[in-house]
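Below is upload33.txt, holding compact mmCIF, C-alpha atoms.
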# COMPACT_ATOMS: atom_id res chain seq x y z
CA MET A 378 -155.83 -85.57 104.87
CA SER A 379 -157.21 -87.54 107.80
CA ILE A 380 -158.94 -90.87 107.18
CA VAL A 381 -162.15 -91.53 109.10
CA ARG A 382 -162.96 -95.23 109.24
CA SER A 383 -166.29 -96.65 110.25
CA ASP A 384 -166.44 -100.31 111.20
CA LYS A 385 -168.39 -102.87 109.25
CA PRO A 386 -169.14 -106.51 110.04
CA PHE A 387 -166.69 -109.24 109.12
CA THR A 388 -168.37 -110.94 106.18
CA VAL A 389 -167.18 -113.96 104.18
CA ALA A 390 -169.17 -115.57 101.36
CA GLY A 391 -172.29 -113.71 102.43
CA ARG A 392 -172.04 -114.81 106.07
CA THR A 393 -171.51 -112.25 108.81
CA PHE A 394 -169.56 -112.89 112.02
CA GLN A 395 -169.00 -110.90 115.21
CA SER A 396 -165.57 -112.37 116.01
CA ARG A 397 -162.57 -111.65 113.80
CA LEU A 398 -160.56 -114.48 115.32
CA LEU A 399 -160.59 -117.86 113.56
CA VAL A 400 -159.03 -120.81 115.35
CA GLY A 401 -157.82 -124.29 114.52
CA THR A 402 -158.40 -127.53 116.39
CA GLY A 403 -155.07 -129.34 116.15
CA LYS A 404 -152.21 -129.86 118.63
CA TYR A 405 -154.25 -129.70 121.85
CA ARG A 406 -153.73 -132.26 124.61
CA ASP A 407 -157.26 -133.60 124.31
CA LEU A 408 -160.75 -132.72 123.12
CA GLU A 409 -161.66 -131.09 126.43
CA GLU A 410 -158.78 -128.62 126.17
CA THR A 411 -159.81 -127.99 122.58
CA ARG A 412 -163.33 -127.16 123.70
CA LEU A 413 -162.25 -124.86 126.52
CA ALA A 414 -159.72 -122.94 124.41
CA ILE A 415 -162.16 -122.38 121.56
CA GLU A 416 -164.80 -121.16 124.00
CA ALA A 417 -162.32 -118.74 125.58
CA SER A 418 -161.27 -117.40 122.17
CA GLY A 419 -164.77 -116.25 121.32
CA ALA A 420 -164.22 -117.55 117.78
CA GLU A 421 -167.22 -118.39 115.62
CA ILE A 422 -165.30 -120.00 112.75
CA VAL A 423 -163.33 -123.13 113.60
CA THR A 424 -161.08 -124.76 111.03
CA VAL A 425 -160.66 -128.53 110.89
CA ALA A 426 -158.02 -130.60 109.07
CA VAL A 427 -160.20 -133.19 107.37
CA ARG A 428 -157.27 -135.54 106.65
CA ARG A 429 -156.16 -135.57 110.29
CA THR A 430 -159.34 -135.15 112.33
CA ASN A 431 -162.41 -137.32 112.69
CA ILE A 432 -165.58 -135.41 111.84
CA GLY A 433 -167.62 -138.54 111.13
CA GLN A 434 -165.53 -140.42 108.59
CA ASN A 435 -164.32 -142.85 111.30
CA PRO A 436 -167.41 -144.22 113.12
CA GLY A 437 -166.73 -145.38 116.66
CA GLU A 438 -163.81 -142.96 117.23
CA PRO A 439 -164.01 -139.68 119.17
CA ASN A 440 -165.64 -137.08 116.94
CA LEU A 441 -164.44 -133.47 117.08
CA LEU A 442 -167.94 -132.27 116.27
CA ASP A 443 -169.11 -133.53 119.66
CA VAL A 444 -167.14 -130.72 121.35
CA VAL A 445 -167.23 -128.21 118.46
CA PRO A 446 -170.84 -128.62 117.29
CA PRO A 447 -171.87 -127.15 113.91
CA SER A 448 -174.97 -125.80 115.64
CA ARG A 449 -172.72 -123.38 117.56
CA TYR A 450 -169.72 -122.87 115.27
CA THR A 451 -169.17 -122.45 111.54
CA ILE A 452 -166.94 -125.40 110.68
CA LEU A 453 -164.25 -124.51 108.15
CA PRO A 454 -162.81 -127.75 106.73
CA ASN A 455 -159.27 -127.32 105.48
CA THR A 456 -156.96 -129.31 103.22
CA ALA A 457 -153.93 -129.41 105.54
CA GLY A 458 -151.62 -132.26 104.55
CA CYS A 459 -152.40 -131.98 100.82
CA TYR A 460 -149.45 -131.52 98.46
CA ASP A 461 -151.20 -131.30 95.10
CA ALA A 462 -154.41 -129.94 93.64
CA THR A 463 -156.01 -133.36 93.15
CA GLU A 464 -155.66 -134.27 96.84
CA ALA A 465 -156.99 -130.90 97.91
CA VAL A 466 -160.06 -131.06 95.69
CA ARG A 467 -160.83 -134.62 96.83
CA THR A 468 -160.55 -133.56 100.48
CA CYS A 469 -162.93 -130.62 100.02
CA ARG A 470 -165.48 -132.87 98.35
CA LEU A 471 -165.22 -135.35 101.22
CA ALA A 472 -165.78 -132.54 103.71
CA ARG A 473 -168.85 -131.35 101.83
CA GLU A 474 -170.26 -134.87 101.97
CA LEU A 475 -169.54 -135.26 105.69
CA LEU A 476 -170.97 -131.84 106.53
CA ASP A 477 -174.22 -132.16 104.57
CA GLY A 478 -173.41 -129.94 101.61
CA HIS A 479 -171.28 -127.36 103.45
CA ASN A 480 -169.45 -125.30 100.78
CA LEU A 481 -167.18 -122.99 102.79
CA VAL A 482 -163.64 -124.41 102.81
CA LYS A 483 -160.09 -123.35 103.53
CA LEU A 484 -157.79 -124.37 100.70
CA GLU A 485 -154.13 -124.99 101.42
CA VAL A 486 -151.79 -126.90 99.13
CA LEU A 487 -148.33 -127.30 100.63
CA ALA A 488 -145.00 -127.40 98.83
CA ASP A 489 -143.01 -129.57 101.26
CA GLN A 490 -143.02 -130.86 104.83
CA LYS A 491 -140.02 -128.83 105.98
CA THR A 492 -141.40 -125.34 105.33
CA LEU A 493 -145.15 -126.01 104.85
CA PHE A 494 -144.92 -123.12 102.41
CA PRO A 495 -147.83 -122.94 99.96
CA ASN A 496 -147.37 -124.41 96.49
CA VAL A 497 -148.97 -121.52 94.64
CA ILE A 498 -149.13 -123.32 91.28
CA GLU A 499 -151.11 -126.23 92.72
CA THR A 500 -153.14 -123.81 94.84
CA LEU A 501 -154.25 -121.90 91.74
CA LYS A 502 -155.20 -125.17 90.00
CA ALA A 503 -157.24 -126.39 92.98
CA ALA A 504 -158.94 -123.03 93.50
CA GLU A 505 -160.11 -122.96 89.90
CA VAL A 506 -161.67 -126.44 90.15
CA LEU A 507 -163.29 -125.79 93.53
CA ILE A 508 -164.82 -122.47 92.52
CA LYS A 509 -166.34 -124.08 89.41
CA ASP A 510 -167.65 -126.85 91.67
CA GLY A 511 -169.59 -124.38 93.80
CA PHE A 512 -167.25 -124.07 96.80
CA ASP A 513 -166.66 -120.82 98.69
CA VAL A 514 -162.88 -120.86 98.90
CA MET A 515 -160.83 -119.15 101.58
CA VAL A 516 -157.27 -119.67 100.39
CA TYR A 517 -153.93 -119.94 102.21
CA THR A 518 -151.20 -118.40 100.12
CA SER A 519 -147.78 -116.78 100.17
CA ASP A 520 -147.32 -113.08 100.85
CA ASP A 521 -146.78 -112.46 97.12
CA PRO A 522 -149.14 -109.58 96.23
CA ILE A 523 -149.49 -110.74 92.61
CA ILE A 524 -150.62 -114.26 93.56
CA ALA A 525 -152.96 -112.86 96.21
CA ARG A 526 -154.52 -110.55 93.63
CA GLN A 527 -154.95 -113.41 91.13
CA LEU A 528 -156.67 -115.60 93.72
CA GLY A 529 -159.10 -112.81 94.55
CA GLU A 530 -159.80 -112.08 90.88
CA MET A 531 -160.52 -115.72 90.07
CA GLY A 532 -163.27 -115.85 92.70
CA CYS A 533 -161.82 -116.88 96.08
CA CYS A 534 -164.00 -115.39 98.81
CA ALA A 535 -161.01 -114.56 101.07
CA VAL A 536 -157.25 -114.47 100.66
CA MET A 537 -155.11 -115.67 103.58
CA PRO A 538 -151.41 -114.80 103.21
CA LEU A 539 -148.98 -116.22 105.73
CA ALA A 540 -147.37 -113.90 108.24
CA GLY A 541 -144.62 -116.45 108.88
CA LEU A 542 -144.21 -120.17 108.31
CA ILE A 543 -146.86 -122.40 109.88
CA GLY A 544 -146.17 -123.19 113.52
CA THR A 545 -143.08 -120.98 113.85
CA GLY A 546 -144.56 -118.18 115.95
CA LEU A 547 -142.24 -115.70 114.22
CA GLY A 548 -144.93 -113.08 113.81
CA ILE A 549 -145.40 -110.91 110.73
CA CYS A 550 -142.13 -111.33 108.86
CA ASN A 551 -142.94 -109.08 105.91
CA PRO A 552 -145.45 -106.37 106.81
CA TYR A 553 -144.65 -104.45 103.62
CA ASN A 554 -145.88 -107.18 101.29
CA LEU A 555 -148.93 -107.62 103.48
CA GLN A 556 -149.60 -103.89 103.20
CA ILE A 557 -149.56 -104.10 99.39
CA ILE A 558 -151.95 -107.06 99.47
CA LEU A 559 -154.31 -105.11 101.71
CA GLU A 560 -154.21 -102.02 99.50
CA GLU A 561 -155.12 -104.00 96.38
CA ALA A 562 -157.59 -106.46 97.88
CA LYS A 563 -161.17 -106.67 96.65
CA VAL A 564 -161.95 -109.56 99.04
CA PRO A 565 -161.27 -109.98 102.77
CA VAL A 566 -157.62 -110.50 103.71
CA LEU A 567 -156.84 -112.62 106.77
CA VAL A 568 -153.41 -113.35 108.22
CA ASP A 569 -152.92 -117.11 108.37
CA ALA A 570 -149.86 -118.75 109.98
CA GLY A 571 -146.91 -117.35 111.89
CA VAL A 572 -148.69 -115.66 114.79
CA GLY A 573 -146.93 -116.43 118.08
CA THR A 574 -148.46 -114.16 120.67
CA ALA A 575 -151.12 -111.53 121.20
CA SER A 576 -149.05 -108.60 119.90
CA ASP A 577 -148.62 -110.37 116.54
CA ALA A 578 -152.40 -110.61 116.17
CA THR A 579 -152.80 -106.97 117.14
CA ILE A 580 -150.26 -105.85 114.53
CA ALA A 581 -152.06 -107.82 111.82
CA MET A 582 -155.30 -106.07 112.71
CA GLU A 583 -153.63 -102.65 112.95
CA LEU A 584 -152.41 -103.11 109.38
CA GLY A 585 -156.03 -103.49 108.28
CA CYS A 586 -156.59 -107.25 108.06
CA GLU A 587 -160.21 -108.32 108.32
CA ALA A 588 -159.37 -111.18 110.67
CA VAL A 589 -156.63 -113.56 111.84
CA LEU A 590 -156.54 -117.37 111.80
CA MET A 591 -154.31 -119.24 114.23
CA ASN A 592 -153.79 -122.60 115.89
CA SER A 593 -150.25 -123.19 117.19
CA ALA A 594 -150.04 -119.86 119.04
CA ILE A 595 -152.89 -120.99 121.27
CA ALA A 596 -152.43 -124.76 121.37
CA HIS A 597 -148.67 -124.57 122.08
CA ALA A 598 -148.95 -121.91 124.80
CA GLN A 599 -148.18 -123.01 128.34
CA ASN A 600 -151.79 -122.21 129.16
CA PRO A 601 -153.82 -122.52 125.94
CA VAL A 602 -157.10 -121.36 127.48
CA GLN A 603 -155.54 -118.15 128.83
CA MET A 604 -153.78 -117.51 125.52
CA ALA A 605 -157.05 -117.99 123.66
CA GLU A 606 -158.64 -115.27 125.76
CA ALA A 607 -155.59 -113.02 125.25
CA MET A 608 -155.95 -113.45 121.50
CA LYS A 609 -159.62 -112.50 121.66
CA HIS A 610 -158.73 -109.17 123.28
CA ALA A 611 -155.72 -108.63 120.99
CA ILE A 612 -157.91 -108.87 117.90
CA ILE A 613 -160.42 -106.40 119.34
CA ALA A 614 -157.68 -103.95 120.36
CA GLY A 615 -155.97 -104.13 116.96
CA ARG A 616 -159.22 -103.52 115.11
CA LEU A 617 -160.06 -100.51 117.29
CA ALA A 618 -156.57 -99.09 116.78
CA TRP A 619 -156.90 -99.45 112.99
CA LEU A 620 -160.27 -97.72 113.07
CA ALA A 621 -158.91 -94.92 115.26
CA GLY A 622 -155.84 -94.32 113.08
CA ARG A 623 -152.43 -94.19 114.74
CA MET A 624 -150.47 -90.99 115.24
CA PRO A 625 -147.76 -90.31 112.64
CA LYS A 626 -144.24 -91.41 113.48
CA LYS A 627 -141.71 -88.61 114.03
CA LEU A 628 -137.95 -88.54 114.25
CA TYR A 629 -137.80 -85.97 117.06
CA ALA A 630 -139.67 -85.41 120.30
CA SER A 631 -142.87 -83.41 120.51
CA ALA A 632 -144.13 -82.08 123.84
CA SER A 633 -147.48 -83.46 124.97
CA SER A 634 -148.44 -80.13 126.55
CA PRO A 635 -148.64 -76.81 124.61
CA LEU A 636 -145.78 -74.36 125.01
CA ASP A 637 -148.00 -71.26 124.90
CA GLY A 638 -148.95 -69.73 128.24
CA LEU A 639 -146.07 -71.20 130.26
CA ILE A 640 -145.43 -69.60 133.67
CA LYS A 641 -142.20 -67.60 133.49
Rewritten as structure tokens:
Amino acid sequence: MSIVRSDKPFTVAGRTFQSRLLVGTGKYRDLEETRLAIEASGAEIVTVAVRRTNIGQNPGEPNLLDVVPPSRYTILPNTAGCYDATEAVRTCRLARELLDGHNLVKLEVLADQKTLFPNVIETLKAAEVLIKDGFDVMVYTSDDPIIARQLGEMGCCAVMPLAGLIGTGLGICNPYNLQIILEEAKVPVLVDAGVGTASDATIAMELGCEAVLMNSAIAHAQNPVQMAEAMKHAIIAGRLAWLAGRMPKKLYASASSPLDGLIK
């Protein structure tokens, strides 16, 4: 039976966005390159590592919000660099204070510095506290379908499984687990981490992800501004392909033209 899909807006925590590309702000050469790349990406949600970036906590230093203004972008503070639930919760509360009561956050609690793999036990602890504290939690997690389901059931507004380890550019290493997560999800699923180039983003969207978050793939490109624009188009193409529904794969060839009525 054929599946007819109609598109719907990308909505997180009651907020609707046109772009399905979310971008980070780290690893650029300077704030001007950051500004230009984000503009080229067309992203509306921009994630910021509160522990590593000045968004007002260090008066007198360059402020990221001067080039990524909250009046134009939805700022998504994240807990990058946190290795336990207590640190992560404290960081989210600091971000809320700095951003005048802003409740939408990206939770990530890391296991170690070598892999930057999520510590799912500490992630679950932090998510529980933050949700009770009134935060809208978008959560970085492993590609374990059971953990992803639990995070959605406990009240996270979006689940963000990794495609590959942060900063590796390896692409989607386990599309089968991601497919299970997507089939079971009751909240938006976004690929977070591992994207290396435009085709990786397209594949994530073709699988049915609501959106993709990335930083290194753009910031570490030889031309970050060009790559940001490439990613914008890749996300659009992948979404359209998912809506259209790909042809079934076949083992043997099938002629494009009909055989009936051939000239003999």
Rounded to one decimal, what separation in Å do you get between atom CA of A:Arg397 and atom CA of A:Ile612? 6.8 Å
Which residues of stretch 509-597 of chain A come within 8 Å of stretch 465-480 of chain A, and what is each one's closest atom pair and distance in Å (one decimal), counting only C-alpha atoms, sorted by chain and residue number, as a tab-separated table?
residue	atom	partner	partner_atom	distance
A:Gly511	CA	A:Asn480	CA	7.0
A:Phe512	CA	A:Asn480	CA	4.7
A:Asp513	CA	A:Asn480	CA	5.7
Which residue of A:Ile524, A:Val516, A:Val506, A:Ile580 approaches A:Ala540 most closely, using all atoms listed in the file: A:Ile580
Skip A:Ala621 itself and residues of its chain fewer than 4 positions away, then list as a list of chain:residue names all residues within 10 Å of it, counting all atoms listed in the file.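 With the cut-off at 10 Å, the set is A:Ile380, A:Val381, A:Arg382, A:Ser383, A:Glu583, A:Gly615, A:Arg616, A:Leu617.
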By how many Å are atom CA of A:Cys533 and atom CA of A:Asp489 apart?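 Distance reported for this atom pair: 23.3 Å.
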Which residues, written as a PDB file with C-alpha atoms, in the frame of the given file, have at least one atom at most 10 Å from A:Thr456, with only C-alpha atoms counted and residues fewer than 5 positions away on the same chain left out?
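Saved file result04.pdb follows:
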ATOM      1  CA  THR A 424    -161.080-124.760 111.030  1.00  0.00           C
ATOM      2  CA  VAL A 425    -160.660-128.530 110.890  1.00  0.00           C
ATOM      3  CA  ALA A 426    -158.020-130.600 109.070  1.00  0.00           C
ATOM      4  CA  VAL A 427    -160.200-133.190 107.370  1.00  0.00           C
ATOM      5  CA  ARG A 428    -157.270-135.540 106.650  1.00  0.00           C
ATOM      6  CA  ARG A 429    -156.160-135.570 110.290  1.00  0.00           C
ATOM      7  CA  ALA A 462    -154.410-129.940  93.640  1.00  0.00           C
ATOM      8  CA  GLU A 464    -155.660-134.270  96.840  1.00  0.00           C
ATOM      9  CA  ALA A 465    -156.990-130.900  97.910  1.00  0.00           C
ATOM     10  CA  VAL A 466    -160.060-131.060  95.690  1.00  0.00           C
ATOM     11  CA  ARG A 467    -160.830-134.620  96.830  1.00  0.00           C
ATOM     12  CA  THR A 468    -160.550-133.560 100.480  1.00  0.00           C
ATOM     13  CA  CYS A 469    -162.930-130.620 100.020  1.00  0.00           C
ATOM     14  CA  ALA A 472    -165.780-132.540 103.710  1.00  0.00           C
ATOM     15  CA  VAL A 482    -163.640-124.410 102.810  1.00  0.00           C
ATOM     16  CA  LYS A 483    -160.090-123.350 103.530  1.00  0.00           C
ATOM     17  CA  LEU A 484    -157.790-124.370 100.700  1.00  0.00           C
ATOM     18  CA  GLU A 485    -154.130-124.990 101.420  1.00  0.00           C
ATOM     19  CA  VAL A 486    -151.790-126.900  99.130  1.00  0.00           C
ATOM     20  CA  LEU A 487    -148.330-127.300 100.630  1.00  0.00           C
ATOM     21  CA  TYR A 517    -153.930-119.940 102.210  1.00  0.00           C
TER      22      TYR A 517
END
Interatomic distance between atom CA of A:Asn554 and atom CA of A:Glu499?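 Answer for the atom CA of A:Asn554 to atom CA of A:Glu499 separation: 21.5 Å.
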Quick one: everything within 10 Å of A:Ala417, counting all atoms listed in the file, minus sequence neighbours fewer than 5 positions away in the same chain. Send it as a list in words.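 Non-adjacent residues within range: Arg412, Pro601, Val602, Gln603, Met604, Ala605, Glu606, Ala607, Met608 and Lys609 of chain A.
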Excluding A:Gln556 and any residue of its chain fewer than 6 positions from it, enumerate the residues within 10 Å of it, using only C-alpha atoms, and give them as an MDAnalysis selection string. chainID A and resid 520 522 562 581 584:586
Please dump the current selection as an mmCIF file, in the coordinates of the input; keep C-alpha atoms.
data_model
loop_
_atom_site.group_PDB
_atom_site.id
_atom_site.type_symbol
_atom_site.label_atom_id
_atom_site.label_comp_id
_atom_site.auth_asym_id
_atom_site.auth_seq_id
_atom_site.Cartn_x
_atom_site.Cartn_y
_atom_site.Cartn_z
ATOM 1 C CA ASP A 520 -147.320 -113.080 100.850
ATOM 2 C CA PRO A 522 -149.140 -109.580 96.230
ATOM 3 C CA ALA A 562 -157.590 -106.460 97.880
ATOM 4 C CA ALA A 581 -152.060 -107.820 111.820
ATOM 5 C CA LEU A 584 -152.410 -103.110 109.380
ATOM 6 C CA GLY A 585 -156.030 -103.490 108.280
ATOM 7 C CA CYS A 586 -156.590 -107.250 108.060
#
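Nearest to A:Thr463 of all the residues A:Thr430, A:Asn435, A:Asn440, A:Thr500 is A:Thr500, based on all atoms listed in the file.
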Counting only C-alpha atoms, what is within 7 Å of A:Ser519, bar same-chain residues fewer than 5 positions away, as a list of chain:residue names?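 Surrounding residues, per the criterion: A:Pro495, A:Pro538, A:Leu539.
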Include C-alpha atoms and write out the residues we just selected as a CSV table (one decimal), in the coordinates of the input.
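That gives us out_36.csv:
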chain,number,residue,atom,x,y,z
A,495,PRO,CA,-147.8,-122.9,100.0
A,538,PRO,CA,-151.4,-114.8,103.2
A,539,LEU,CA,-149.0,-116.2,105.7
Please rebuild stretch 387-406 of chain A with N, CA, C and O atoms and give the result as a short mmCIF file (atom, residue, chain, number, x, y, z; two decimals), keeping the file's coordinate frame.
data_model
loop_
_atom_site.label_atom_id
_atom_site.label_comp_id
_atom_site.auth_asym_id
_atom_site.auth_seq_id
_atom_site.Cartn_x
_atom_site.Cartn_y
_atom_site.Cartn_z
N PHE A 387 -167.56 -108.32 109.83
CA PHE A 387 -166.69 -109.24 109.12
C PHE A 387 -167.58 -110.21 108.35
O PHE A 387 -168.34 -110.98 108.94
N THR A 388 -167.49 -110.15 107.03
CA THR A 388 -168.37 -110.94 106.18
C THR A 388 -167.55 -111.76 105.19
O THR A 388 -166.65 -111.24 104.53
N VAL A 389 -167.83 -113.05 105.12
CA VAL A 389 -167.18 -113.96 104.18
C VAL A 389 -168.26 -114.78 103.48
O VAL A 389 -169.09 -115.40 104.15
N ALA A 390 -168.22 -114.78 102.16
CA ALA A 390 -169.17 -115.57 101.36
C ALA A 390 -170.62 -115.33 101.79
O ALA A 390 -171.42 -116.26 101.89
N GLY A 391 -170.93 -114.07 102.07
CA GLY A 391 -172.29 -113.71 102.43
C GLY A 391 -172.68 -114.01 103.86
O GLY A 391 -173.82 -113.75 104.25
N ARG A 392 -171.75 -114.51 104.67
CA ARG A 392 -172.04 -114.81 106.07
C ARG A 392 -171.33 -113.79 106.96
O ARG A 392 -170.17 -113.48 106.75
N THR A 393 -172.04 -113.30 107.94
CA THR A 393 -171.51 -112.25 108.81
C THR A 393 -171.18 -112.82 110.19
O THR A 393 -171.94 -113.62 110.74
N PHE A 394 -170.04 -112.38 110.73
CA PHE A 394 -169.56 -112.89 112.02
C PHE A 394 -169.18 -111.73 112.93
O PHE A 394 -168.71 -110.69 112.46
N GLN A 395 -169.38 -111.92 114.23
CA GLN A 395 -169.00 -110.90 115.21
C GLN A 395 -167.51 -110.97 115.53
O GLN A 395 -166.84 -109.96 115.68
N SER A 396 -166.98 -112.19 115.66
CA SER A 396 -165.57 -112.37 116.01
C SER A 396 -164.70 -112.32 114.76
O SER A 396 -165.07 -112.86 113.71
N ARG A 397 -163.54 -111.69 114.89
CA ARG A 397 -162.57 -111.65 113.80
C ARG A 397 -161.38 -112.59 114.07
O ARG A 397 -160.35 -112.48 113.43
N LEU A 398 -161.57 -113.48 115.01
CA LEU A 398 -160.56 -114.48 115.32
C LEU A 398 -161.07 -115.85 114.87
O LEU A 398 -162.14 -116.29 115.28
N LEU A 399 -160.29 -116.50 114.01
CA LEU A 399 -160.59 -117.86 113.56
C LEU A 399 -159.55 -118.78 114.17
O LEU A 399 -158.36 -118.44 114.20
N VAL A 400 -159.97 -119.92 114.66
CA VAL A 400 -159.03 -120.81 115.35
C VAL A 400 -159.07 -122.22 114.77
O VAL A 400 -160.07 -122.66 114.23
N GLY A 401 -157.93 -122.90 114.93
CA GLY A 401 -157.82 -124.29 114.52
C GLY A 401 -158.09 -125.23 115.68
O GLY A 401 -158.29 -124.81 116.82
N THR A 402 -158.04 -126.52 115.39
CA THR A 402 -158.40 -127.53 116.39
C THR A 402 -157.30 -128.55 116.62
O THR A 402 -157.49 -129.50 117.39
N GLY A 403 -156.15 -128.37 116.01
CA GLY A 403 -155.07 -129.34 116.15
C GLY A 403 -154.14 -129.02 117.30
O GLY A 403 -154.14 -127.92 117.84
N LYS A 404 -153.35 -130.03 117.72
CA LYS A 404 -152.21 -129.86 118.63
C LYS A 404 -152.58 -129.68 120.09
O LYS A 404 -151.72 -129.46 120.94
N TYR A 405 -153.86 -129.77 120.44
CA TYR A 405 -154.25 -129.70 121.85
C TYR A 405 -154.02 -131.05 122.53
O TYR A 405 -153.92 -132.08 121.87
N ARG A 406 -153.99 -131.03 123.87
CA ARG A 406 -153.73 -132.26 124.61
C ARG A 406 -154.88 -133.26 124.47
O ARG A 406 -154.67 -134.46 124.40
#
